Each structure stands twice: as C-alpha cells, then as structure tokens.
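Data first, discussion second: the structure below is written as structure tokens.
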Amino acid sequence: MIRKMGIWKPDMLSDTYTSKTTQEIVHTFYHISQEAERSTTYMATYSNELALMNCVMNGDLKALEERLRDISKNPIQAGYMSDDPLRQALFSLVSGVTLMTRFAITGGLPEHDAYLLSDAYLQQADKAQSPEQVVQLLPAALRQFTQSVHDIRLRKLKSYPVSRCVRYIGEHLHNRITLAELASHCKVTPQYLSTLFHQETGMTITAYIRLEKLKTATQMLSLSDYSVQTISDLLAFSTPAAFCAQFKKQYGITPLTWRIQNTNKFSVK
C-alpha cells in the first residue's frame, strides 16, 4: 500500500539515490546561501523565533504585540523555501503554526484544542489564492494561540474570589466596572481582592479590565461596521480619544488602522 501511494520506496535507501539527493541538497544550500546574502530582509534567528513562541507559551498578549510591532518595523524573512511566492508563504505558515501548536500545548492548552486550531488555520491557508492571503494568517494565528493559552490559564485560577471576579468582568465589559463593585460581588474587601488578583494573574484589576475591553474592541472592529466612537461608547471608555490612546498603546496602531489590517477583505471559494 505504501509503495503504491508513492510515499516510500526501498530503492530510496540505495547509495546511488542518497548520493544524488545529497548532491542536490548541497547545491540548493549554496544557492539559498547566495540568495540570503543578497537579501536586504532581516533573516529569522532562533532567538527571535523563541521570543515569539515564548509569548505563545506564556499567554503573554502584551509582549506579543510588542514583538509584532518590532517585526512590522524590521520585517523578518522566515527562510528561502520556494521560488513560488504562494508556496513560500504556505511553507512559512505551516512551520510557524506547527511551532505555535507545540508551544501552546506546553503552555497549558489542551492538545485536542491546539491541534484543532492548527488544522483550522492550515485549512484556511490551503484555500488561499495569493501570498498576501496566507501572510495575514500568521499574526492572526499568533494572537489566537496566545489568547487561547491566556484564557486557559485564567480558567485554571484556584481561588474563588478571583474566578468570580474574572467572570463578572467578562459579563460586564459594556459597563464601567469599579473595584468596589467587584469586591462587593466577590464578598471580600477591595484591598484583599486587588492583592489576590495580582498574585494569581500578574496583572492589576484595572489593567485586566482595560485589556479585556480592548480585545473585545478588536473583534468589533474586524467583524462589524461600528464607528470608533460607537465602539468606545459600547465598551464604556471615558471618551473616544481615551479609547484610541489606550488602543494604540496596547497594539501600536490606531483602531482604524487595525480595522484596515485585520478585516477579512477576500472571499475564498
């Protein structure tokens, strides 16, 4: 069966086959080395690759956005894998999503969920008809894998007050939420809740509320036609200007730029 499918043949292990293959690989190695030397694009390294994957593994959304901002200023060439731009983009995405999947699992995301998320991105890439359609999936995958690890870690919180606090925030993102209100809901003192929340999440309650509102804002920008002012009002920011300032501080771009960069503008049949 394997022989008929063309996956493997015994003669592939022959000296003639391995010698020819080795020669071809050596030739290709020198070719891509020369291409790399001529390229003005910053080449990927283990260290910057690991830095990105650590963001995924730790569910660190803020650090991820900082890394993505750096990459937008200094684009990284993932490698020279194909002369065809579309295949090059596909190979880059496959290798990237494979790494994200492994690091997300290490970070606590259940294997089943991680592999399903991986499959979803690769199936979407398989439908793409241009390199641009594939390339835009990479930052989206990074954000979603990181977000998934972040969320699973929050769901594993042990203390009842913090779990109750997180749930309440998620249900009231369209309101202005105060520490006193949360403490009353969790039946603890504001100081105790604030200290416990920071110990378990590594964030202040104020920072967490702001991040959750901004995450919701990114979804509204990508999936709706609501104006920036409307989104600001719906998420109870003090003013649209304050919303835009906090959004840019978190993501490095304005809400309108986010909408332009992240709205799915193409339809793949």
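Following the order of the structure tokens, first chain is A, next is B, and so on, with residues numbered from 1 inside each chain and ligands from 1 in the order they appear.
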
Region 146-154 of chain A: which residues within 9 Å, counting only C-alpha atoms, same-chain residues fewer than 2 positions away excluded, as JSON, numbers by chain? {"A": [53, 55, 56, 57, 58, 59, 60, 61, 64, 100, 104, 105, 107, 108, 109, 110, 114, 141, 142, 143, 144, 156, 157, 163, 166, 200, 201]}

If we count only C-alpha atoms and set the cut-off at 9 Å, which residues sit around region 191-199 of chain A, ignoring sequence neighbours fewer than 5 positions away in its own chain? Please answer as an MDAnalysis selection string. chainID A and resid 159 161:162 165 179 182:183 186 204:205

Which of region 150-260 of chain A counts as helix (DSSP H, G or I) under DSSP, as JSON, numbers by chain please? {"A": [150, 151, 152, 153, 154, 155, 160, 161, 162, 163, 164, 165, 166, 167, 168, 169, 170, 171, 179, 180, 181, 182, 183, 184, 185, 186, 190, 191, 192, 193, 194, 195, 196, 197, 198, 199, 200, 201, 205, 206, 207, 208, 209, 210, 211, 212, 213, 214, 215, 216, 217, 218, 219, 220, 221, 222, 223, 228, 229, 230, 231, 232, 233, 234, 240, 241, 242, 243, 244, 245, 246, 247, 248, 249, 250, 251, 255, 256, 257, 258, 259, 260]}

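Atom pair CA of Ser222 (chain A) / CA of Ser72 (chain A): separated by 19.5 Å.
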
Quick one: everything within 10 Å of Phe247 (chain A), counting only C-alpha atoms, minus sequence neighbours fewer than 4 positions away in the same chain. Send it as an MDAnalysis selection string. chainID A and resid 210:211 213:215 217:218 241:243 251:255 258

Residue selection dump (C-alpha atoms) as a PDB file, in the first residue's frame:
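Output file again05.pdb follows:
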ATOM      1  CA  ARG A 210      -8.718  47.506  30.064  1.00  0.00           C
ATOM      2  CA  LEU A 211      -7.157  44.582  28.196  1.00  0.00           C
ATOM      3  CA  LYS A 213     -12.259  45.747  26.700  1.00  0.00           C
ATOM      4  CA  LEU A 214      -9.561  46.320  24.081  1.00  0.00           C
ATOM      5  CA  LYS A 215      -9.686  42.666  22.998  1.00  0.00           C
ATOM      6  CA  ALA A 217     -12.833  46.207  20.589  1.00  0.00           C
ATOM      7  CA  THR A 218     -10.529  44.399  18.125  1.00  0.00           C
ATOM      8  CA  ALA A 241      -9.904  59.894  22.455  1.00  0.00           C
ATOM      9  CA  ALA A 242      -9.083  57.887  25.582  1.00  0.00           C
ATOM     10  CA  PHE A 243     -10.134  54.693  23.801  1.00  0.00           C
ATOM     11  CA  TYR A 251      -1.465  47.383  19.895  1.00  0.00           C
ATOM     12  CA  GLY A 252       0.852  50.034  18.450  1.00  0.00           C
ATOM     13  CA  ILE A 253      -1.692  51.203  15.860  1.00  0.00           C
ATOM     14  CA  THR A 254      -4.944  53.169  15.844  1.00  0.00           C
ATOM     15  CA  PRO A 255      -8.335  51.421  15.837  1.00  0.00           C
ATOM     16  CA  TRP A 258      -6.389  47.829  12.962  1.00  0.00           C
TER      17      TRP A 258
END

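Distances from A:Ile71, A:Leu223, A:Val188, A:Val94 to Asn262 (chain A) were compared using only C-alpha atoms, and the smallest one belongs to A:Leu223.
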